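Reading through the structure tokens given below for one structure.
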Amino acid sequence: MAIGVHTPLSIATLYVYVSKDEKIPVKGSTRYSAYQSNCYPELNRCVNTFSLKDLSPHSTYYFILSNGTSSIGSKRKFRTLADDTDLITMVSGGDLSTTPETKLLLVKAASYSPDLVVLGGDLAYDNGEIKNIGLWDTWLSAWEESMVTPDGFTIPMIIAIGNHEVKGGWNATVSDATLFLKFFQQQGNQTYFKRKLGKLALLMVLDTGHIASVEEQAPWIVKTLAEYSNTPYRFAAYHVPLYPSHRKFENDQSAQLRKYWAPAFDQGLNFALEHHDHSLKRTYLIKAGKRDDKNGVLYLGDGCFGIDPRDVHSDSWYLVKTMSVAHFWLTKFTKKKTQMEALDMSGKVLDSTEILNLKAM
Ligand SMILES: [Fe+2]
């Protein structure tokens, strides 16, 4: 677990105290210093990242910030996944922005007590520009206030990068995504990486050509799928869709992604979370560029977690369901099956599907 804290330059010393004891006693806590602090004098701000080590599975942790002599702000808590859990609840979505609808969707998403949220890029729409820091302040405040479960647990996020996190959108460098990469040190400056969710699922977070090249990730996807072939569910989250619902099937970016990634996904991916088109979609199961109801990959999308919905095409061969509507996906992994539901801000189920755990059959 990592904790990101933004502070004014006047706070010279900052620690976080972490404990399983709700009182966070000084002697019974672990004190962490930031492993990375990036200061922006022009913004009167430092962005501090604390990396918590050696956490136990299936535990509640309380934490509070301190300047060394007194605490700062209020206490918060989070929980870790049980290693052998039979239920993981995940919210996912992308293309949020800072609209009032974003906040309503976040509040609704948190009400399902997800263990984590996977975000598929285009969060605050800063476009890699420091002058847009205010968008992040609004975005992060909405997250801090809204993404708390009914039992009071702060909900962690895992994020894929989108075009609006970088200057120029595509084929950019690390310095073109300075805010995003400084705020969210998930794997250093690496924008594709994997996360294991208990024993049930493997998540690959990918970069659809914003900083890392699409081509270079293909062999890594194949290798990772082989490495985790015994994990019941293997899925990927990334920004630009291989199978778009608003943009045309032939658009250059989707075509390039299909060329390099679809054959890699066919080596054992169960489902993919796609975004960027600002709509709701579910595809048929697809393998080797064709519908394959038995062995195909399911593609869910398409990123409309607050941003205005766009119109959709529904007559494409690969689309089962499309809607022009703000939503998020709620996914429940269990030993028998994984269930996915698309929900709107009132909690209405717009679409649902499931995949079985073939390894348990
Ligand atoms: Fe996008």
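By order in the structure tokens, chains are A, B, ...; within a chain, residues start at 1; ligands start at 1, following the order shown.
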
Give one line per residue of chain A that approaches ligand 1 to at most 7 Å, naming the two atoms of the closest pair and their distance in Å to one decimal, counting only C-alpha atoms and all ligand atoms; sort by chain then ascending residue number and deliver it as a Markdown table.
| residue | atom | partner | partner_atom_place_in_ligand_line | distance |
| --- | --- | --- | --- | --- |
| A:Asp95 | CA | ligand 1 | 1 (Fe) | 6.7 |
| A:Gly121 | CA | ligand 1 | 1 (Fe) | 6.9 |
| A:Asp122 | CA | ligand 1 | 1 (Fe) | 5.5 |
| A:Gly162 | CA | ligand 1 | 1 (Fe) | 5.6 |
| A:Asn163 | CA | ligand 1 | 1 (Fe) | 5.2 |
| A:His164 | CA | ligand 1 | 1 (Fe) | 6.2 |
| A:His239 | CA | ligand 1 | 1 (Fe) | 6.5 |
| A:Val240 | CA | ligand 1 | 1 (Fe) | 6.6 |
| A:His276 | CA | ligand 1 | 1 (Fe) | 3.9 |
| A:Asp277 | CA | ligand 1 | 1 (Fe) | 6.9 |

Return as a tab-separated table the residues of stretch 70-182 of chain A lying at most 9 Å from stretch 318-330 of chain A, together with the closest atom-to-atom pair for each and the distance in Å to one decimal, counting only C-alpha atoms, with rows in chain order and ascending residue number.
residue	atom	partner	partner_atom	distance
A:Thr89	CA	A:Leu330	CA	7.2
A:Met90	CA	A:Leu330	CA	5.9
A:Val91	CA	A:Leu330	CA	4.6
A:Ser92	CA	A:Trp329	CA	5.2
A:Gly93	CA	A:Phe328	CA	5.1
A:Gly94	CA	A:Phe328	CA	8.2
A:Glu101	CA	A:Ala326	CA	8.2
A:Thr102	CA	A:Ala326	CA	8.8
A:Leu105	CA	A:His327	CA	7.2
A:Leu106	CA	A:Phe328	CA	8.9
A:Ala109	CA	A:Phe328	CA	7.4
A:Tyr112	CA	A:Leu330	CA	8.4
A:Pro114	CA	A:Leu330	CA	8.3

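Within the 9 Å cut-off around A:Ser111, using only C-alpha atoms and omitting residues fewer than 6 positions from it on the same chain, the listed residues are Met147, Val148, Thr149 and Pro150 of chain A.
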
Written selection (C-alpha atoms) as a PDB file, in the first residue's frame:
ATOM      1  CA  MET A 147     -14.102   6.902  -1.727  1.00  0.00           C
ATOM      2  CA  VAL A 148     -14.697   5.678   1.783  1.00  0.00           C
ATOM      3  CA  THR A 149     -16.771   2.546   2.417  1.00  0.00           C
ATOM      4  CA  PRO A 150     -19.862   2.639   4.663  1.00  0.00           C
TER       5      PRO A 150
END

Item to check | Contact residues around stretch 169-178 of chain A with only C-alpha atoms at 7 Å, ignoring same-chain residues under 2 positions, as a list in words | outcome: Gly128, Asn163, His164, Glu165, Val166, Lys167, Phe180, Leu181, Lys182, Asn189, Gly209, His210 and Ile211 of chain A

Item to check | stretch 186-281 of chain A: residues DSSP assigns to helix (DSSP H, G or I), reported as a ChimeraX atom specification | outcome: /A:214-227,252-265

Next on the checklist: Given only C-alpha atoms as the basis, pick out the residue of A:Gly68, A:Pro219, A:Pro244, A:Gly198 nearest to A:Asp84.
Outcome noted: A:Gly198

Considering only C-alpha atoms, tabulate each residue of stretch 116-180 of chain A that lies at most 12 Å from stretch 2-9 of chain A along with its nearest interatomic pair and the corresponding distance in Å to one decimal; arrange the rows by chain and ascending residue number and present them as a tab-separated table.
residue	atom	partner	partner_atom	distance
A:Ile133	CA	A:His6	CA	11.6
A:Trp136	CA	A:His6	CA	11.0
A:Asp137	CA	A:His6	CA	9.5
A:Leu140	CA	A:His6	CA	10.0
A:Ser141	CA	A:His6	CA	11.2
A:Glu144	CA	A:Val5	CA	11.0
A:Thr154	CA	A:Ile3	CA	10.8
A:Ile155	CA	A:Ile3	CA	11.3
A:Pro156	CA	A:Ala2	CA	8.7
A:Met157	CA	A:Ala2	CA	9.8
A:Ile158	CA	A:Ala2	CA	10.5
A:Leu179	CA	A:His6	CA	11.9
A:Phe180	CA	A:Gly4	CA	11.7

Checklist entry - Given the choices A:Asp126, A:Asp308, A:Asp252, A:Asp151, which gets closest to A:Trp139 if the distance is worked out from only C-alpha atoms? => result A:Asp126

Next on the checklist: I need the residues of stretch 101-312 of chain A that end up classed as strand (DSSP E or B) by DSSP on the backbone, written out as a PyMOL selection string.
Outcome noted: chain A and resi 116-119+148+153-154+157-159+187+189+193-197+201-205+233-237+271-273+280-283+286-287+290-291+297-301

Checklist entry - If you count only C-alpha atoms, which residues fall within 10 Å of A:Ile88, apart from same-chain ones fewer than 3 positions away, as a ChimeraX atom specification? => result /A:81-82,85,114-116,197-198,200-201,331-335,338

Hey, what's within 8 Å of A:Thr191 if we count only C-alpha atoms and toss same-chain stuff fewer than 6 positions away? As an mmCIF file with N, CA and C atoms, in the first residue's frame, please?
data_model
loop_
_atom_site.group_PDB
_atom_site.id
_atom_site.type_symbol
_atom_site.label_atom_id
_atom_site.label_comp_id
_atom_site.auth_asym_id
_atom_site.auth_seq_id
_atom_site.Cartn_x
_atom_site.Cartn_y
_atom_site.Cartn_z
ATOM 1 N N ALA A 160 -4.251 2.841 -14.539
ATOM 2 C CA ALA A 160 -3.597 2.821 -15.852
ATOM 3 C C ALA A 160 -3.545 4.257 -16.382
ATOM 4 N N ILE A 161 -2.496 4.560 -17.109
ATOM 5 C CA ILE A 161 -2.327 5.922 -17.641
ATOM 6 C C ILE A 161 -3.182 6.115 -18.901
ATOM 7 N N VAL A 205 -1.762 -4.038 -15.631
ATOM 8 C CA VAL A 205 -2.037 -2.645 -15.969
ATOM 9 C C VAL A 205 -1.155 -2.300 -17.169
ATOM 10 N N LEU A 206 -1.757 -1.814 -18.240
ATOM 11 C CA LEU A 206 -1.007 -1.572 -19.484
ATOM 12 C C LEU A 206 -1.079 -0.108 -19.895
ATOM 13 N N ASP A 207 -0.171 0.266 -20.764
ATOM 14 C CA ASP A 207 -0.056 1.643 -21.262
ATOM 15 C C ASP A 207 -0.316 1.618 -22.767
ATOM 16 N N ILE A 211 3.299 6.488 -22.862
ATOM 17 C CA ILE A 211 4.734 6.606 -22.572
ATOM 18 C C ILE A 211 5.455 5.347 -23.064
ATOM 19 N N ALA A 212 4.969 4.187 -22.651
ATOM 20 C CA ALA A 212 5.592 2.939 -23.120
ATOM 21 C C ALA A 212 5.016 2.575 -24.492
#

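Coordinates place atom CA of A:Asp293 at a distance of 18.1 Å from atom CA of A:Asp351.
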
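Between atom CA of A:Asn230 and atom CA of A:Gly188 the interatomic distance comes to 27.7 Å.
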
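In this comparison, which uses only C-alpha atoms, the residue of A:Thr231, A:Ser70, A:Ser113, A:Thr98 approaching A:Lys199 most closely is A:Thr231.
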
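Of the listed residues (A:Ile11, A:Leu52, A:Ile307, A:Ile355), A:Leu52 comes nearest to A:Arg31; the distances count only C-alpha atoms.
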
Next on the checklist: I'd like the neighbourhood of A:Ser19 as a ChimeraX atom specification, where a residue qualifies if any of its atoms comes within 12 Å (using only C-alpha atoms), though same-chain residues fewer than 3 positions away should be ignored.
Outcome noted: /A:16,22-32,52,55-56,59-64,75-79

Store the residues of this selection in a file with C-alpha atoms, as a compact mmCIF listing (two decimals), in the first residue's frame.
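Listed below is the output, selection-v8.txt:
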# COMPACT_ATOMS: atom_id res chain seq x y z
CA VAL A 16 2.98 8.67 8.77
CA GLU A 22 -7.09 2.08 16.41
CA LYS A 23 -5.47 4.41 18.97
CA ILE A 24 -2.22 4.43 16.90
CA PRO A 25 -0.01 4.46 20.04
CA VAL A 26 3.47 5.84 19.28
CA LYS A 27 5.17 2.72 20.64
CA GLY A 28 2.88 0.27 18.88
CA SER A 29 3.09 1.93 15.46
CA THR A 30 5.44 1.85 12.54
CA ARG A 31 6.73 5.29 11.63
CA TYR A 32 7.41 5.87 7.96
CA LEU A 52 4.15 0.73 3.57
CA LEU A 55 1.62 -5.50 5.87
CA SER A 56 -0.35 -8.60 6.90
CA SER A 59 -6.01 -6.79 8.37
CA THR A 60 -7.24 -3.33 9.23
CA TYR A 61 -4.61 -0.61 9.50
CA TYR A 62 -5.05 2.87 10.95
CA PHE A 63 -2.79 5.75 9.98
CA ILE A 64 -2.22 9.38 10.80
CA LYS A 75 -6.99 9.42 11.31
CA ARG A 76 -7.93 7.13 8.44
CA LYS A 77 -8.04 3.37 7.99
CA PHE A 78 -7.70 0.86 5.18
CA ARG A 79 -7.83 -2.93 4.94

Could you build a table of the residues in stretch 179-268 of chain A lying no more than 12 Å from stretch 310-315 of chain A, giving for each the nearest pair of atoms and their separation in Å rounded to one decimal place, using only C-alpha atoms, ordered by chain and ascending residue number, as CSV?
residue,atom,partner,partner_atom,distance
A:Tyr243,CA,A:His313,CA,11.4
A:Pro244,CA,A:His313,CA,8.9
A:Ser245,CA,A:Val312,CA,5.4
A:His246,CA,A:Val312,CA,4.5
A:Arg247,CA,A:Val312,CA,8.0
A:Lys248,CA,A:His313,CA,8.4
A:Phe249,CA,A:His313,CA,9.9

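Reported to one decimal place, the separation of atom CA of A:Gln190 from atom CA of A:Tyr35 is 16.7 Å.
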
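With only C-alpha atoms as the atoms that count, the residue of A:Ala124, A:Met1, A:Met345, A:Ala34 with the shortest distance to A:Tyr15 is A:Ala34.
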